[in-house]
$ cat target22.txt   # compact mmCIF, N, CA and C atoms
# COMPACT_ATOMS: atom_id res chain seq x y z
N MET A 1 0.81 -1.20 0.00
CA MET A 1 0.00 0.00 0.00
C MET A 1 0.86 1.27 0.00
N LYS A 2 1.92 1.32 0.86
CA LYS A 2 2.77 2.50 0.94
C LYS A 2 3.52 2.75 -0.36
N SER A 3 4.01 1.71 -1.00
CA SER A 3 4.75 1.88 -2.24
C SER A 3 3.85 2.36 -3.37
N SER A 4 2.56 2.11 -3.29
CA SER A 4 1.65 2.58 -4.33
C SER A 4 1.37 4.08 -4.20
N LEU A 5 1.64 4.65 -3.03
CA LEU A 5 1.44 6.08 -2.82
C LEU A 5 2.69 6.90 -3.15
N VAL A 6 3.84 6.25 -3.18
CA VAL A 6 5.10 6.95 -3.43
C VAL A 6 5.14 7.51 -4.84
N ARG A 7 4.77 6.71 -5.81
CA ARG A 7 4.84 7.16 -7.21
C ARG A 7 3.95 8.38 -7.46
N PRO A 8 2.66 8.38 -7.08
CA PRO A 8 1.83 9.58 -7.29
C PRO A 8 2.36 10.80 -6.53
N ALA A 9 2.93 10.56 -5.35
CA ALA A 9 3.49 11.68 -4.59
C ALA A 9 4.68 12.29 -5.30
N LEU A 10 5.53 11.50 -5.88
CA LEU A 10 6.68 12.00 -6.64
C LEU A 10 6.23 12.75 -7.89
N ILE A 11 5.21 12.24 -8.56
CA ILE A 11 4.68 12.91 -9.75
C ILE A 11 4.10 14.26 -9.37
N LEU A 12 3.33 14.30 -8.27
CA LEU A 12 2.75 15.56 -7.80
C LEU A 12 3.84 16.57 -7.43
N ALA A 13 4.89 16.12 -6.74
CA ALA A 13 6.00 17.00 -6.37
C ALA A 13 6.70 17.54 -7.63
N ALA A 14 6.89 16.70 -8.60
CA ALA A 14 7.53 17.13 -9.85
C ALA A 14 6.67 18.16 -10.57
N LEU A 15 5.36 17.95 -10.59
CA LEU A 15 4.46 18.91 -11.24
C LEU A 15 4.45 20.26 -10.51
N ALA A 16 4.57 20.23 -9.21
CA ALA A 16 4.63 21.47 -8.44
C ALA A 16 5.95 22.20 -8.66
N PHE A 17 6.99 21.47 -8.94
CA PHE A 17 8.32 22.04 -9.13
C PHE A 17 8.43 22.80 -10.45
N VAL A 18 7.71 22.38 -11.48
CA VAL A 18 7.81 22.99 -12.80
C VAL A 18 7.44 24.49 -12.78
N PRO A 19 6.28 24.92 -12.21
CA PRO A 19 6.00 26.36 -12.18
C PRO A 19 7.01 27.15 -11.33
N ALA A 20 7.47 26.55 -10.25
CA ALA A 20 8.46 27.23 -9.42
C ALA A 20 9.75 27.47 -10.20
N LEU A 21 10.17 26.49 -10.96
CA LEU A 21 11.37 26.63 -11.78
C LEU A 21 11.17 27.72 -12.84
N GLY A 22 9.98 27.77 -13.41
CA GLY A 22 9.65 28.81 -14.38
C GLY A 22 9.73 30.20 -13.78
N GLU A 23 9.25 30.37 -12.56
CA GLU A 23 9.31 31.67 -11.89
C GLU A 23 10.75 32.08 -11.60
N VAL A 24 11.56 31.14 -11.18
CA VAL A 24 12.97 31.43 -10.91
C VAL A 24 13.65 31.93 -12.17
N ILE A 25 13.38 31.29 -13.28
CA ILE A 25 13.99 31.69 -14.55
C ILE A 25 13.46 33.05 -15.00
N TYR A 26 12.15 33.23 -14.94
CA TYR A 26 11.54 34.47 -15.43
C TYR A 26 11.89 35.68 -14.56
N PHE A 27 11.89 35.50 -13.22
CA PHE A 27 12.10 36.63 -12.31
C PHE A 27 13.53 36.73 -11.79
N ARG A 28 14.49 36.07 -12.42
CA ARG A 28 15.86 36.05 -11.90
C ARG A 28 16.47 37.44 -11.76
N ASP A 29 16.06 38.40 -12.59
CA ASP A 29 16.60 39.76 -12.50
C ASP A 29 15.76 40.68 -11.64
N LYS A 30 14.72 40.15 -11.03
CA LYS A 30 13.80 40.98 -10.28
C LYS A 30 13.69 40.55 -8.82
N ILE A 31 14.76 40.06 -8.25
CA ILE A 31 14.75 39.59 -6.88
C ILE A 31 14.69 40.81 -5.95
N SER A 32 13.71 40.83 -5.06
CA SER A 32 13.44 42.02 -4.25
C SER A 32 14.58 42.41 -3.32
N TRP A 33 15.36 41.47 -2.83
CA TRP A 33 16.42 41.84 -1.90
C TRP A 33 17.66 42.36 -2.60
N GLU A 34 17.69 42.29 -3.89
CA GLU A 34 18.79 42.90 -4.62
C GLU A 34 18.36 44.31 -5.03
N SER A 35 19.09 45.27 -4.60
CA SER A 35 18.70 46.65 -4.83
C SER A 35 18.77 47.02 -6.30
N PRO A 36 17.67 47.57 -6.85
CA PRO A 36 17.71 48.04 -8.22
C PRO A 36 18.43 49.38 -8.34
N VAL A 37 18.82 49.95 -7.22
CA VAL A 37 19.48 51.24 -7.21
C VAL A 37 20.98 51.01 -7.42
N PRO A 38 21.56 51.64 -8.43
CA PRO A 38 23.01 51.50 -8.63
C PRO A 38 23.78 52.00 -7.40
N ALA A 39 24.92 51.43 -7.16
CA ALA A 39 25.73 51.81 -6.01
C ALA A 39 26.05 53.31 -6.00
N SER A 40 26.17 53.90 -7.18
CA SER A 40 26.48 55.33 -7.26
C SER A 40 25.33 56.21 -6.78
N GLU A 41 24.14 55.63 -6.64
CA GLU A 41 22.97 56.39 -6.18
C GLU A 41 22.59 56.03 -4.75
N MET A 42 23.42 55.23 -4.08
CA MET A 42 23.20 54.86 -2.69
C MET A 42 24.15 55.67 -1.82
N VAL A 43 23.76 55.87 -0.57
CA VAL A 43 24.61 56.59 0.37
C VAL A 43 24.44 55.95 1.75
N THR A 44 25.51 55.89 2.51
CA THR A 44 25.44 55.37 3.87
C THR A 44 25.04 56.50 4.82
N VAL A 45 24.64 56.12 6.01
CA VAL A 45 24.29 57.12 7.03
C VAL A 45 25.49 58.02 7.30
N ASP A 46 26.66 57.44 7.45
CA ASP A 46 27.86 58.24 7.75
C ASP A 46 28.20 59.22 6.63
N GLN A 47 28.09 58.77 5.38
CA GLN A 47 28.37 59.67 4.26
C GLN A 47 27.37 60.83 4.24
N ALA A 48 26.09 60.50 4.41
CA ALA A 48 25.05 61.54 4.37
C ALA A 48 25.21 62.53 5.51
N ARG A 49 25.53 62.04 6.69
CA ARG A 49 25.73 62.94 7.83
C ARG A 49 26.93 63.85 7.60
N ALA A 50 27.95 63.35 6.91
CA ALA A 50 29.14 64.16 6.64
C ALA A 50 28.81 65.34 5.72
N TRP A 51 27.74 65.23 4.94
CA TRP A 51 27.34 66.33 4.07
C TRP A 51 26.76 67.49 4.87
N GLY A 52 26.35 67.25 6.09
CA GLY A 52 25.84 68.30 6.97
C GLY A 52 24.69 69.08 6.37
N ASP A 53 24.84 70.41 6.34
CA ASP A 53 23.79 71.29 5.83
C ASP A 53 23.65 71.23 4.31
N ASN A 54 24.55 70.55 3.65
CA ASN A 54 24.45 70.40 2.19
C ASN A 54 23.55 69.25 1.79
N ALA A 55 22.88 68.64 2.76
CA ALA A 55 21.97 67.53 2.47
C ALA A 55 20.56 67.88 2.91
N ILE A 56 19.60 67.45 2.11
CA ILE A 56 18.19 67.53 2.48
C ILE A 56 17.72 66.09 2.66
N TRP A 57 17.22 65.79 3.84
CA TRP A 57 16.73 64.45 4.15
C TRP A 57 15.25 64.38 3.79
N VAL A 58 14.88 63.35 3.07
CA VAL A 58 13.49 63.16 2.62
C VAL A 58 12.99 61.83 3.16
N ASP A 59 11.89 61.90 3.91
CA ASP A 59 11.26 60.72 4.47
C ASP A 59 10.15 60.27 3.53
N ALA A 60 10.30 59.08 2.96
CA ALA A 60 9.33 58.55 2.00
C ALA A 60 8.31 57.62 2.64
N ARG A 61 8.33 57.53 3.97
CA ARG A 61 7.40 56.65 4.67
C ARG A 61 6.01 57.28 4.74
N PRO A 62 5.01 56.50 5.13
CA PRO A 62 3.66 57.05 5.28
C PRO A 62 3.61 58.16 6.34
N ASP A 63 2.61 59.01 6.23
CA ASP A 63 2.47 60.17 7.11
C ASP A 63 2.55 59.80 8.60
N GLY A 64 1.87 58.73 9.00
CA GLY A 64 1.84 58.34 10.40
C GLY A 64 3.21 58.00 10.96
N GLU A 65 3.99 57.29 10.18
CA GLU A 65 5.35 56.93 10.61
C GLU A 65 6.21 58.18 10.73
N PHE A 66 6.07 59.07 9.77
CA PHE A 66 6.82 60.33 9.81
C PHE A 66 6.43 61.14 11.05
N ALA A 67 5.14 61.18 11.36
CA ALA A 67 4.65 61.95 12.51
C ALA A 67 5.20 61.40 13.83
N ARG A 68 5.37 60.07 13.93
CA ARG A 68 5.89 59.47 15.16
C ARG A 68 7.35 59.84 15.40
N TYR A 69 8.16 59.76 14.35
CA TYR A 69 9.57 60.08 14.50
C TYR A 69 10.24 60.06 13.14
N HIS A 70 11.20 60.90 12.94
CA HIS A 70 11.92 60.97 11.67
C HIS A 70 13.30 61.60 11.89
N VAL A 71 14.12 61.54 10.87
CA VAL A 71 15.42 62.20 10.94
C VAL A 71 15.18 63.68 11.19
N PRO A 72 15.92 64.28 12.13
CA PRO A 72 15.72 65.70 12.41
C PRO A 72 15.79 66.55 11.13
N ASN A 73 14.85 67.43 10.98
CA ASN A 73 14.72 68.36 9.85
C ASN A 73 14.37 67.68 8.53
N ALA A 74 14.03 66.40 8.56
CA ALA A 74 13.65 65.72 7.32
C ALA A 74 12.32 66.27 6.81
N LEU A 75 12.16 66.20 5.50
CA LEU A 75 10.91 66.62 4.87
C LEU A 75 10.13 65.38 4.47
N LEU A 76 8.84 65.44 4.62
CA LEU A 76 7.98 64.33 4.21
C LEU A 76 7.68 64.46 2.73
N LEU A 77 7.94 63.40 1.98
CA LEU A 77 7.61 63.35 0.56
C LEU A 77 7.39 61.88 0.21
N ASN A 78 6.13 61.48 0.15
CA ASN A 78 5.84 60.08 -0.13
C ASN A 78 4.95 59.94 -1.36
N GLU A 79 4.81 58.72 -1.83
CA GLU A 79 4.02 58.44 -3.03
C GLU A 79 2.55 58.76 -2.83
N ASP A 80 2.04 58.52 -1.62
CA ASP A 80 0.61 58.73 -1.35
C ASP A 80 0.19 60.18 -1.57
N ARG A 81 1.05 61.11 -1.20
CA ARG A 81 0.68 62.54 -1.31
C ARG A 81 1.72 63.31 -2.13
N TRP A 82 2.26 62.67 -3.12
CA TRP A 82 3.31 63.26 -3.96
C TRP A 82 2.95 64.66 -4.44
N ASN A 83 1.80 64.79 -5.07
CA ASN A 83 1.41 66.09 -5.65
C ASN A 83 1.22 67.18 -4.60
N ASP A 84 0.78 66.81 -3.41
CA ASP A 84 0.59 67.79 -2.34
C ASP A 84 1.92 68.20 -1.70
N LEU A 85 2.83 67.25 -1.57
CA LEU A 85 4.06 67.49 -0.82
C LEU A 85 5.23 67.99 -1.67
N LEU A 86 5.22 67.72 -2.95
CA LEU A 86 6.34 68.10 -3.81
C LEU A 86 6.60 69.62 -3.81
N PRO A 87 5.57 70.48 -3.91
CA PRO A 87 5.87 71.92 -3.92
C PRO A 87 6.60 72.40 -2.66
N SER A 88 6.24 71.90 -1.48
CA SER A 88 6.93 72.35 -0.27
C SER A 88 8.37 71.83 -0.24
N PHE A 89 8.60 70.62 -0.78
CA PHE A 89 9.97 70.12 -0.88
C PHE A 89 10.78 71.01 -1.82
N LEU A 90 10.24 71.29 -3.00
CA LEU A 90 10.96 72.10 -3.99
C LEU A 90 11.27 73.50 -3.49
N ALA A 91 10.42 74.03 -2.62
CA ALA A 91 10.66 75.36 -2.05
C ALA A 91 11.90 75.36 -1.15
N LYS A 92 12.24 74.22 -0.57
CA LYS A 92 13.41 74.13 0.32
C LYS A 92 14.64 73.57 -0.38
N TRP A 93 14.47 73.05 -1.57
CA TRP A 93 15.57 72.45 -2.33
C TRP A 93 16.36 73.53 -3.06
N SER A 94 17.65 73.30 -3.24
CA SER A 94 18.48 74.16 -4.08
C SER A 94 19.47 73.25 -4.81
N PRO A 95 19.94 73.67 -5.99
CA PRO A 95 20.79 72.80 -6.83
C PRO A 95 22.06 72.28 -6.17
N GLU A 96 22.62 73.03 -5.24
CA GLU A 96 23.86 72.57 -4.61
C GLU A 96 23.62 71.53 -3.51
N LYS A 97 22.39 71.32 -3.14
CA LYS A 97 22.05 70.36 -2.08
C LYS A 97 22.00 68.92 -2.61
N LYS A 98 22.38 67.99 -1.76
CA LYS A 98 22.25 66.57 -2.06
C LYS A 98 21.00 66.09 -1.34
N VAL A 99 20.21 65.28 -2.01
CA VAL A 99 18.95 64.79 -1.46
C VAL A 99 19.14 63.34 -1.01
N VAL A 100 18.82 63.07 0.26
CA VAL A 100 18.93 61.74 0.83
C VAL A 100 17.52 61.24 1.14
N VAL A 101 17.08 60.24 0.41
CA VAL A 101 15.72 59.70 0.57
C VAL A 101 15.80 58.40 1.34
N TYR A 102 14.93 58.27 2.33
CA TYR A 102 14.90 57.02 3.10
C TYR A 102 13.47 56.57 3.35
N CYS A 103 13.32 55.27 3.59
CA CYS A 103 12.06 54.72 4.06
C CYS A 103 12.38 53.75 5.19
N SER A 104 11.52 52.82 5.47
CA SER A 104 11.65 52.00 6.68
C SER A 104 12.92 51.17 6.77
N SER A 105 13.26 50.48 5.69
CA SER A 105 14.39 49.55 5.76
C SER A 105 14.99 49.38 4.37
N GLN A 106 16.00 48.54 4.28
CA GLN A 106 16.66 48.28 3.00
C GLN A 106 15.70 47.67 1.99
N SER A 107 14.76 46.85 2.48
CA SER A 107 13.84 46.17 1.56
C SER A 107 12.65 47.03 1.17
N CYS A 108 12.51 48.18 1.76
CA CYS A 108 11.40 49.08 1.44
C CYS A 108 11.66 49.75 0.08
N ASN A 109 10.66 49.75 -0.76
CA ASN A 109 10.80 50.34 -2.10
C ASN A 109 10.39 51.80 -2.18
N ALA A 110 9.77 52.34 -1.14
CA ALA A 110 9.27 53.71 -1.19
C ALA A 110 10.39 54.73 -1.46
N SER A 111 11.54 54.54 -0.83
CA SER A 111 12.64 55.49 -1.05
C SER A 111 13.15 55.41 -2.48
N ARG A 112 13.19 54.20 -3.03
CA ARG A 112 13.63 54.05 -4.42
C ARG A 112 12.67 54.74 -5.37
N GLU A 113 11.38 54.59 -5.11
CA GLU A 113 10.37 55.19 -5.98
C GLU A 113 10.40 56.72 -5.90
N VAL A 114 10.49 57.25 -4.70
CA VAL A 114 10.54 58.71 -4.53
C VAL A 114 11.81 59.26 -5.16
N ALA A 115 12.95 58.61 -4.95
CA ALA A 115 14.20 59.07 -5.56
C ALA A 115 14.11 59.03 -7.08
N HIS A 116 13.53 57.97 -7.59
CA HIS A 116 13.34 57.84 -9.05
C HIS A 116 12.48 58.99 -9.59
N ARG A 117 11.40 59.28 -8.91
CA ARG A 117 10.52 60.37 -9.37
C ARG A 117 11.20 61.73 -9.26
N LEU A 118 12.00 61.92 -8.22
CA LEU A 118 12.72 63.19 -8.10
C LEU A 118 13.71 63.36 -9.25
N ARG A 119 14.37 62.27 -9.63
CA ARG A 119 15.32 62.35 -10.74
C ARG A 119 14.59 62.53 -12.08
N ASP A 120 13.56 61.72 -12.31
CA ASP A 120 12.90 61.70 -13.63
C ASP A 120 11.86 62.80 -13.82
N GLU A 121 10.98 62.96 -12.86
CA GLU A 121 9.90 63.94 -13.02
C GLU A 121 10.32 65.35 -12.64
N ALA A 122 11.03 65.47 -11.52
CA ALA A 122 11.45 66.80 -11.07
C ALA A 122 12.80 67.21 -11.68
N GLN A 123 13.46 66.25 -12.37
CA GLN A 123 14.74 66.51 -13.05
C GLN A 123 15.84 66.99 -12.09
N LEU A 124 15.86 66.41 -10.88
CA LEU A 124 16.88 66.77 -9.91
C LEU A 124 18.10 65.88 -10.03
N LYS A 125 19.23 66.45 -9.72
CA LYS A 125 20.47 65.69 -9.69
C LYS A 125 20.85 65.50 -8.22
N ASN A 126 21.83 64.67 -7.97
CA ASN A 126 22.31 64.42 -6.61
C ASN A 126 21.22 63.92 -5.67
N VAL A 127 20.46 62.93 -6.14
CA VAL A 127 19.43 62.29 -5.32
C VAL A 127 19.94 60.89 -4.96
N PHE A 128 19.98 60.60 -3.68
CA PHE A 128 20.53 59.35 -3.19
C PHE A 128 19.52 58.62 -2.32
N VAL A 129 19.61 57.30 -2.32
CA VAL A 129 18.79 56.46 -1.45
C VAL A 129 19.66 56.05 -0.27
N LEU A 130 19.12 56.19 0.94
CA LEU A 130 19.87 55.84 2.14
C LEU A 130 19.94 54.33 2.30
N GLN A 131 21.13 53.82 2.32
CA GLN A 131 21.36 52.38 2.46
C GLN A 131 20.90 51.93 3.85
N GLY A 132 19.98 50.97 3.88
CA GLY A 132 19.47 50.47 5.15
C GLY A 132 18.27 51.24 5.67
N GLY A 133 18.00 52.40 5.09
CA GLY A 133 16.82 53.18 5.45
C GLY A 133 16.78 53.64 6.90
N TRP A 134 15.56 53.85 7.37
CA TRP A 134 15.31 54.34 8.72
C TRP A 134 15.93 53.42 9.77
N GLU A 135 15.85 52.11 9.56
CA GLU A 135 16.42 51.16 10.52
C GLU A 135 17.92 51.40 10.71
N GLU A 136 18.62 51.64 9.62
CA GLU A 136 20.06 51.89 9.70
C GLU A 136 20.34 53.22 10.39
N TRP A 137 19.53 54.23 10.11
CA TRP A 137 19.71 55.53 10.76
C TRP A 137 19.54 55.39 12.27
N LEU A 138 18.53 54.61 12.69
CA LEU A 138 18.31 54.40 14.12
C LEU A 138 19.51 53.70 14.76
N LYS A 139 20.05 52.68 14.08
CA LYS A 139 21.20 51.95 14.63
C LYS A 139 22.39 52.88 14.84
N LYS A 140 22.61 53.78 13.89
CA LYS A 140 23.77 54.67 13.95
C LYS A 140 23.56 55.83 14.93
N ASN A 141 22.33 56.08 15.34
CA ASN A 141 22.03 57.25 16.17
C ASN A 141 21.43 56.89 17.53
N ARG A 142 21.76 55.74 18.05
CA ARG A 142 21.26 55.36 19.39
C ARG A 142 22.24 55.73 20.44
$ encode --input "target22.txt" --output "structure tokens"
Amino acid sequence: MKSSLVRPALILAALAFVPALGEVIYFRDKISWESPVPASEMVTVDQARAWGDNAIWVDARPDGEFARYHVPNALLLNEDRWNDLLPSFLAKWSPEKKVVVYCSSQSCNASREVAHRLRDEAQLKNVFVLQGGWEEWLKKNR
């Protein structure tokens, strides 16, 4: 009886493996933990802090998280309220400033999206994504 169940179980496992293998092949360049941001557009907490007043910190997290706590003097600019928040950001931005965008963690995509929009839509240069995000900033500032 047990040996008669082994063969169908192996066939079922093999059939389940085929779609998984297809996804691995199809999505091999889209793995979420690999940053789509080139290294030249990333910045560490220490590098960004060294820029001092020449940096504008941008919090890309949701409003509630920003309200609870954020990098001192950071500006809120997130995808949810992009059109409402962009004018106030641009009023404080100047061409010589470097923009440091962060969100919750390294795996959070909000900072990447906001940085991308600042580069592409607002045509800004010197826009960087904070490596490790808010979690890394907290670790360095405890």
$ closest_residue --input "target22.txt" --among "A:Glu79, A:Leu85, A:Ala91, A:Glu23" --to "Pro62 (chain A)" --atoms "only N, CA and C atoms"
A:Glu79
$ residues_around --input "target22.txt" --residues "region 80-82 of chain A" --least-positions-apart "6" --cutoff "8 Å" --atoms "all atoms listed in the file" --output "ChimeraX atom specification"
/A:60-63
$ closest_residue --input "target22.txt" --among "A:Val100, A:Gly64, A:Leu10, A:Val71" --to "Trp137 (chain A)" --atoms "only N, CA and C atoms"
A:Val71
$ atom_distance --input "target22.txt" --atom1 "atom C of Leu76 (chain A)" --atom2 "atom N of Lys125 (chain A)"
17.1 Å
$ atom_distance --input "target22.txt" --atom1 "atom C of Gln123 (chain A)" --atom2 "atom N of Glu41 (chain A)"
15.1 Å
$ atom_distance --input "target22.txt" --atom1 "CA of Gly132 (chain A)" --atom2 "atom N of Val114 (chain A)"
15.0 Å
$ closest_residue --input "target22.txt" --among "A:Leu138, A:Ala122, A:Leu15, A:Leu130" --to "Tyr102 (chain A)" --atoms "only C-alpha atoms"
A:Leu130
$ decode --input "target22.txt" --residues "region 87-125 of chain A" --atoms "C-alpha atoms" --output "compact mmCIF listing (two decimals), in the first residue's frame"
# COMPACT_ATOMS: atom_id res chain seq x y z
CA PRO A 87 5.87 71.92 -3.92
CA SER A 88 6.93 72.35 -0.27
CA PHE A 89 9.97 70.12 -0.88
CA LEU A 90 10.96 72.10 -3.99
CA ALA A 91 10.66 75.36 -2.05
CA LYS A 92 13.41 74.13 0.32
CA TRP A 93 15.57 72.45 -2.33
CA SER A 94 18.48 74.16 -4.08
CA PRO A 95 20.79 72.80 -6.83
CA GLU A 96 23.86 72.57 -4.61
CA LYS A 97 22.05 70.36 -2.08
CA LYS A 98 22.25 66.57 -2.06
CA VAL A 99 18.95 64.79 -1.46
CA VAL A 100 18.93 61.74 0.83
CA VAL A 101 15.72 59.70 0.57
CA TYR A 102 14.90 57.02 3.10
CA CYS A 103 12.06 54.72 4.06
CA SER A 104 11.65 52.00 6.68
CA SER A 105 14.39 49.55 5.76
CA GLN A 106 16.66 48.28 3.00
CA SER A 107 13.84 46.17 1.56
CA CYS A 108 11.40 49.08 1.44
CA ASN A 109 10.80 50.34 -2.10
CA ALA A 110 9.27 53.71 -1.19
CA SER A 111 12.64 55.49 -1.05
CA ARG A 112 13.63 54.05 -4.42
CA GLU A 113 10.37 55.19 -5.98
CA VAL A 114 10.54 58.71 -4.53
CA ALA A 115 14.20 59.07 -5.56
CA HIS A 116 13.34 57.84 -9.05
CA ARG A 117 10.52 60.37 -9.37
CA LEU A 118 12.72 63.19 -8.10
CA ARG A 119 15.32 62.35 -10.74
CA ASP A 120 12.90 61.70 -13.63
CA GLU A 121 9.90 63.94 -13.02
CA ALA A 122 11.45 66.80 -11.07
CA GLN A 123 14.74 66.51 -13.05
CA LEU A 124 16.88 66.77 -9.91
CA LYS A 125 20.47 65.69 -9.69
